[in-house]
Every structure is written in structure tokens, then in C-alpha cells.
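Undergrad: target-v6.pdb is reproduced in full below (PDB, C-alpha atoms).
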```
ATOM      1  CA  MET I  43     -40.269 -20.634 -57.903
ATOM      2  CA  ALA I  44     -37.656 -20.393 -55.163
ATOM      3  CA  THR I  45     -38.299 -21.850 -51.716
ATOM      4  CA  GLN I  46     -38.001 -19.749 -48.557
ATOM      5  CA  GLU I  47     -34.671 -21.460 -47.852
ATOM      6  CA  GLU I  48     -33.364 -20.601 -51.325
ATOM      7  CA  ILE I  49     -34.502 -16.998 -50.979
ATOM      8  CA  LEU I  50     -32.940 -16.710 -47.510
ATOM      9  CA  SER I  51     -29.693 -18.174 -48.826
ATOM     10  CA  GLY I  52     -29.636 -15.811 -51.806
ATOM     11  CA  LEU I  53     -30.510 -12.827 -49.641
ATOM     12  CA  ALA I  54     -27.769 -13.778 -47.170
ATOM     13  CA  GLU I  55     -25.254 -13.850 -50.029
ATOM     14  CA  ILE I  56     -26.410 -10.405 -51.168
ATOM     15  CA  VAL I  57     -26.186  -8.927 -47.655
ATOM     16  CA  ASN I  58     -22.742 -10.494 -47.306
ATOM     17  CA  GLU I  59     -21.544  -8.971 -50.603
ATOM     18  CA  VAL I  60     -23.088  -5.535 -50.043
ATOM     19  CA  ALA I  61     -22.646  -5.062 -46.288
ATOM     20  CA  GLY I  62     -19.921  -7.567 -45.381
ATOM     21  CA  ILE I  63     -22.155  -9.366 -42.878
ATOM     22  CA  ASP I  64     -21.532 -13.076 -42.315
ATOM     23  CA  VAL I  65     -23.998 -15.272 -44.190
ATOM     24  CA  GLU I  66     -24.674 -17.206 -40.963
ATOM     25  CA  ASP I  67     -25.847 -13.985 -39.270
ATOM     26  CA  VAL I  68     -28.591 -13.344 -41.836
ATOM     27  CA  GLN I  69     -31.543 -15.128 -40.196
ATOM     28  CA  LEU I  70     -35.305 -14.705 -40.666
ATOM     29  CA  ASP I  71     -35.800 -13.048 -37.268
ATOM     30  CA  LYS I  72     -32.985 -10.502 -37.666
ATOM     31  CA  SER I  73     -33.761  -6.820 -38.154
ATOM     32  CA  PHE I  74     -31.807  -5.262 -41.017
ATOM     33  CA  THR I  75     -31.188  -2.028 -39.104
ATOM     34  CA  GLU I  76     -30.959  -3.147 -35.475
ATOM     35  CA  ASP I  77     -29.378  -6.618 -35.682
ATOM     36  CA  LEU I  78     -27.432  -6.426 -38.938
ATOM     37  CA  ASP I  79     -26.598  -2.696 -38.840
ATOM     38  CA  VAL I  80     -27.718  -2.119 -42.449
ATOM     39  CA  ASP I  81     -28.220   1.593 -43.131
ATOM     40  CA  SER I  82     -30.722   3.012 -45.618
ATOM     41  CA  LEU I  83     -28.168   3.392 -48.424
ATOM     42  CA  THR I  84     -26.959  -0.178 -47.993
ATOM     43  CA  MET I  85     -30.570  -1.357 -47.881
ATOM     44  CA  VAL I  86     -31.146   0.223 -51.300
ATOM     45  CA  GLU I  87     -28.194  -1.772 -52.653
ATOM     46  CA  VAL I  88     -29.567  -4.964 -51.080
ATOM     47  CA  VAL I  89     -33.006  -4.315 -52.617
ATOM     48  CA  VAL I  90     -31.577  -3.650 -56.100
ATOM     49  CA  ALA I  91     -29.464  -6.818 -55.945
ATOM     50  CA  ALA I  92     -32.446  -8.848 -54.679
ATOM     51  CA  GLU I  93     -34.642  -7.497 -57.485
ATOM     52  CA  ASP I  94     -32.035  -8.614 -60.039
ATOM     53  CA  LYS I  95     -31.434 -12.007 -58.431
ATOM     54  CA  PHE I  96     -35.068 -12.967 -57.862
ATOM     55  CA  GLY I  97     -36.734 -11.113 -60.746
ATOM     56  CA  VAL I  98     -39.030  -9.171 -58.450
ATOM     57  CA  LYS I  99     -39.795  -5.451 -58.199
ATOM     58  CA  ILE I 100     -39.768  -4.007 -54.681
ATOM     59  CA  PRO I 101     -41.319  -0.506 -54.756
ATOM     60  CA  ASP I 102     -39.741   2.158 -52.536
ATOM     61  CA  GLU I 103     -42.881   2.360 -50.409
ATOM     62  CA  GLU I 104     -42.582  -1.377 -49.673
ATOM     63  CA  VAL I 105     -38.909  -1.239 -48.688
ATOM     64  CA  LYS I 106     -39.713   0.585 -45.439
ATOM     65  CA  ASN I 107     -42.009  -2.326 -44.476
ATOM     66  CA  LEU I 108     -39.196  -4.835 -44.843
ATOM     67  CA  SER I 109     -37.701  -4.426 -41.393
ATOM     68  CA  THR I 110     -36.577  -8.019 -40.864
ATOM     69  CA  VAL I 111     -34.916 -10.568 -43.095
ATOM     70  CA  GLY I 112     -38.099 -12.653 -42.786
ATOM     71  CA  ASP I 113     -40.191  -9.740 -44.093
ATOM     72  CA  ALA I 114     -37.966  -9.526 -47.167
ATOM     73  CA  VAL I 115     -38.021 -13.300 -47.736
ATOM     74  CA  SER I 116     -41.823 -13.364 -47.478
ATOM     75  CA  TYR I 117     -42.195 -10.411 -49.848
ATOM     76  CA  ILE I 118     -39.874 -11.962 -52.434
ATOM     77  CA  ALA I 119     -41.570 -15.372 -52.106
ATOM     78  CA  SER I 120     -45.019 -13.913 -52.723
ATOM     79  CA  HIS I 121     -44.000 -11.603 -55.588
ATOM     80  CA  ALA I 122     -41.325 -13.580 -57.483
ATOM     81  CA  GLY I 123     -42.007 -15.394 -60.711
TER      82      GLY I 123
END
```
Go ahead and express the file in the form of C-alpha cells.

TA:
Amino acid sequence: MATQEEILSGLAEIVNEVAGIDVEDVQLDKSFTEDLDVDSLTMVEVVVAAEDKFGVKIPDEEVKNLSTVGDAVSYIASHAG
């Protein structure tokens, strides 16, 4: 099972690839929409890539609850594997 640091690192790489945001800017306390300027379409791409990378399913109704990077890391950590 991946650690929070590994998940954060992987998620940062995904956000960097999909949205062009610097890896260093993807921190646990950052809001996807407000701080990182990730729109809903980009968020879908991030979710799909995260599902593939971490082997986790993130239902559409859960995506709206993932407002910060920390929310996403916690969700992946508790549902992966």
C-alpha cells in the first residue's frame, strides 16, 4: 500500500501532466479549483489518471467531495489496494 507521501507525489505528477501545474505547487492544503485552477473537465482527467495509477475507483459522486489535494490523497489512501 502506498504511503501518503507516495500518493501525494504520484498525484502531483498527474496534476503536472494533465494541467501543467508545477509538482511543488501540489500540496495537501491546496484546493484543486481555487489554488491550482483545475476546472471540472481537467479534474475528470486527474481522477481517471489517479484511478489507473493507484488502482482505486473514485465514483462521480465522490469527486465533488475532493476539493483539496489532501482530500484526494486521503480518499486514495483509504480505498487503494

Undergrad: Out of I:Glu93, I:Val98, I:Asn58, I:Tyr117, which residue has the shortest atom-to-atom distance to Val80 in chain I when counting only C-alpha atoms?

TA: I:Asn58

Undergrad: For Gln46 in chain I, work out the shell of residues within 12 Å, counting all atoms listed in the file and skipping chain neighbours fewer than 4 positions away, then give it as JSON, numbers by chain.

TA: {"I": [50, 51, 52, 53, 54, 69, 70, 96, 111, 112, 113, 114, 115, 116, 117, 118, 119, 120, 122]}

Undergrad: Which residues are close to range 83-91 of chain I, i.e. within 10 Å by all atoms listed in the file, leaving aside same-chain residues fewer than 3 positions away? Reply as a PyMOL selection string.

TA: chain I and resi 52-61+74-75+79-80+94-102+105-106+108+114

Undergrad: One decimal, in Å: what's the spacing between CA of Ile63 in chain I and CA of Gly123 in chain I?

TA: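 These atoms are spaced 27.4 Å apart.
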
Undergrad: Can you tell me how far CA of Asp81 in chain I sits from CA of Thr110 in chain I, in Å to one decimal?

TA: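 So the two atoms, CA of Asp81 in chain I and CA of Thr110 in chain I, lie 12.9 Å apart.
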
Undergrad: With 3 Å of padding per side, what axis-aligned box (centre and edge lengths, Å, one decimal) covers all the listed atoms of range 88-92 of chain I? Give it as JSON.

TA:
```
{"center_x": -31.2, "center_y": -6.2, "center_z": -53.6, "size_x": 9.5, "size_y": 11.2, "size_z": 11.0}
```

Undergrad: Separation of CA of Glu104 in chain I and CA of Val68 in chain I, in Å?

TA: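 If I compute the distance from CA of Glu104 in chain I to CA of Val68 in chain I, I get 20.0 Å.
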
Undergrad: With distances taken over all atoms listed in the file, which of I:Thr45, I:Ser73, I:Asp64, I:Ala92 is nearest to Asn107 in chain I?

TA: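 Of all the options, I:Ser73 lies closest to Asn107 in chain I.
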
Undergrad: Can you fill out range 112-123 of chain I with all heavy atoms and hand it back as a PDB file, in the coordinates of the input?

TA:
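Below you can see rebuild22.pdb, which holds the result:
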```pdb
ATOM      1  N   GLY I 112     -36.898 -11.868 -42.509  1.00  0.00           N
ATOM      2  CA  GLY I 112     -38.099 -12.653 -42.786  1.00  0.00           C
ATOM      3  C   GLY I 112     -39.124 -11.887 -43.601  1.00  0.00           C
ATOM      4  O   GLY I 112     -39.768 -12.450 -44.492  1.00  0.00           O
ATOM      5  N   ASP I 113     -39.279 -10.586 -43.309  1.00  0.00           N
ATOM      6  CA  ASP I 113     -40.191  -9.740 -44.093  1.00  0.00           C
ATOM      7  C   ASP I 113     -39.772  -9.740 -45.565  1.00  0.00           C
ATOM      8  O   ASP I 113     -40.605  -9.854 -46.465  1.00  0.00           O
ATOM      9  CB  ASP I 113     -40.177  -8.287 -43.590  1.00  0.00           C
ATOM     10  CG  ASP I 113     -40.772  -8.118 -42.200  1.00  0.00           C
ATOM     11  OD1 ASP I 113     -41.524  -8.997 -41.755  1.00  0.00           O
ATOM     12  OD2 ASP I 113     -40.470  -7.083 -41.574  1.00  0.00           O
ATOM     13  N   ALA I 114     -38.484  -9.581 -45.800  1.00  0.00           N
ATOM     14  CA  ALA I 114     -37.966  -9.526 -47.167  1.00  0.00           C
ATOM     15  C   ALA I 114     -38.148 -10.870 -47.869  1.00  0.00           C
ATOM     16  O   ALA I 114     -38.567 -10.929 -49.019  1.00  0.00           O
ATOM     17  CB  ALA I 114     -36.496  -9.114 -47.158  1.00  0.00           C
ATOM     18  N   VAL I 115     -37.860 -11.960 -47.159  1.00  0.00           N
ATOM     19  CA  VAL I 115     -38.021 -13.300 -47.736  1.00  0.00           C
ATOM     20  C   VAL I 115     -39.483 -13.537 -48.105  1.00  0.00           C
ATOM     21  O   VAL I 115     -39.792 -14.013 -49.201  1.00  0.00           O
ATOM     22  CB  VAL I 115     -37.494 -14.388 -46.768  1.00  0.00           C
ATOM     23  CG1 VAL I 115     -37.898 -15.782 -47.237  1.00  0.00           C
ATOM     24  CG2 VAL I 115     -35.971 -14.293 -46.629  1.00  0.00           C
ATOM     25  N   SER I 116     -40.399 -13.185 -47.211  1.00  0.00           N
ATOM     26  CA  SER I 116     -41.823 -13.364 -47.478  1.00  0.00           C
ATOM     27  C   SER I 116     -42.270 -12.536 -48.673  1.00  0.00           C
ATOM     28  O   SER I 116     -43.047 -13.012 -49.521  1.00  0.00           O
ATOM     29  CB  SER I 116     -42.655 -12.976 -46.250  1.00  0.00           C
ATOM     30  OG  SER I 116     -42.387 -13.842 -45.191  1.00  0.00           O
ATOM     31  N   TYR I 117     -41.822 -11.291 -48.739  1.00  0.00           N
ATOM     32  CA  TYR I 117     -42.195 -10.411 -49.848  1.00  0.00           C
ATOM     33  C   TYR I 117     -41.712 -11.002 -51.172  1.00  0.00           C
ATOM     34  O   TYR I 117     -42.469 -11.102 -52.133  1.00  0.00           O
ATOM     35  CB  TYR I 117     -41.631  -9.002 -49.658  1.00  0.00           C
ATOM     36  CG  TYR I 117     -42.123  -8.045 -50.724  1.00  0.00           C
ATOM     37  CD1 TYR I 117     -43.286  -7.310 -50.535  1.00  0.00           C
ATOM     38  CD2 TYR I 117     -41.464  -7.923 -51.948  1.00  0.00           C
ATOM     39  CE1 TYR I 117     -43.768  -6.452 -51.520  1.00  0.00           C
ATOM     40  CE2 TYR I 117     -41.939  -7.078 -52.944  1.00  0.00           C
ATOM     41  CZ  TYR I 117     -43.099  -6.346 -52.723  1.00  0.00           C
ATOM     42  OH  TYR I 117     -43.574  -5.527 -53.705  1.00  0.00           O
ATOM     43  N   ILE I 118     -40.458 -11.395 -51.198  1.00  0.00           N
ATOM     44  CA  ILE I 118     -39.874 -11.962 -52.434  1.00  0.00           C
ATOM     45  C   ILE I 118     -40.610 -13.241 -52.810  1.00  0.00           C
ATOM     46  O   ILE I 118     -40.957 -13.449 -53.977  1.00  0.00           O
ATOM     47  CB  ILE I 118     -38.359 -12.199 -52.265  1.00  0.00           C
ATOM     48  CG1 ILE I 118     -37.633 -10.852 -52.144  1.00  0.00           C
ATOM     49  CG2 ILE I 118     -37.809 -13.022 -53.442  1.00  0.00           C
ATOM     50  CD1 ILE I 118     -36.199 -10.957 -51.651  1.00  0.00           C
ATOM     51  N   ALA I 119     -40.888 -14.095 -51.830  1.00  0.00           N
ATOM     52  CA  ALA I 119     -41.570 -15.372 -52.106  1.00  0.00           C
ATOM     53  C   ALA I 119     -42.942 -15.143 -52.714  1.00  0.00           C
ATOM     54  O   ALA I 119     -43.370 -15.874 -53.621  1.00  0.00           O
ATOM     55  CB  ALA I 119     -41.676 -16.193 -50.826  1.00  0.00           C
ATOM     56  N   SER I 120     -43.650 -14.131 -52.249  1.00  0.00           N
ATOM     57  CA  SER I 120     -45.019 -13.913 -52.723  1.00  0.00           C
ATOM     58  C   SER I 120     -45.079 -13.085 -54.007  1.00  0.00           C
ATOM     59  O   SER I 120     -46.127 -13.037 -54.649  1.00  0.00           O
ATOM     60  CB  SER I 120     -45.868 -13.265 -51.633  1.00  0.00           C
ATOM     61  OG  SER I 120     -45.382 -11.986 -51.306  1.00  0.00           O
ATOM     62  N   HIS I 121     -43.975 -12.442 -54.406  1.00  0.00           N
ATOM     63  CA  HIS I 121     -44.000 -11.603 -55.588  1.00  0.00           C
ATOM     64  C   HIS I 121     -43.092 -12.093 -56.720  1.00  0.00           C
ATOM     65  O   HIS I 121     -43.149 -11.553 -57.819  1.00  0.00           O
ATOM     66  CB  HIS I 121     -43.609 -10.155 -55.229  1.00  0.00           C
ATOM     67  CG  HIS I 121     -44.631  -9.473 -54.386  1.00  0.00           C
ATOM     68  ND1 HIS I 121     -44.681  -9.624 -53.027  1.00  0.00           N
ATOM     69  CD2 HIS I 121     -45.654  -8.662 -54.709  1.00  0.00           C
ATOM     70  CE1 HIS I 121     -45.692  -8.920 -52.550  1.00  0.00           C
ATOM     71  NE2 HIS I 121     -46.310  -8.322 -53.544  1.00  0.00           N
ATOM     72  N   ALA I 122     -42.258 -13.077 -56.459  1.00  0.00           N
ATOM     73  CA  ALA I 122     -41.325 -13.580 -57.483  1.00  0.00           C
ATOM     74  C   ALA I 122     -42.064 -14.441 -58.492  1.00  0.00           C
ATOM     75  O   ALA I 122     -43.088 -15.047 -58.193  1.00  0.00           O
ATOM     76  CB  ALA I 122     -40.203 -14.366 -56.828  1.00  0.00           C
ATOM     77  N   GLY I 123     -41.473 -14.513 -59.679  1.00  0.00           N
ATOM     78  CA  GLY I 123     -42.007 -15.394 -60.711  1.00  0.00           C
ATOM     79  C   GLY I 123     -43.237 -14.845 -61.301  1.00  0.00           C
ATOM     80  O   GLY I 123     -43.965 -15.363 -62.036  1.00  0.00           O
TER      81      GLY I 123
END
```
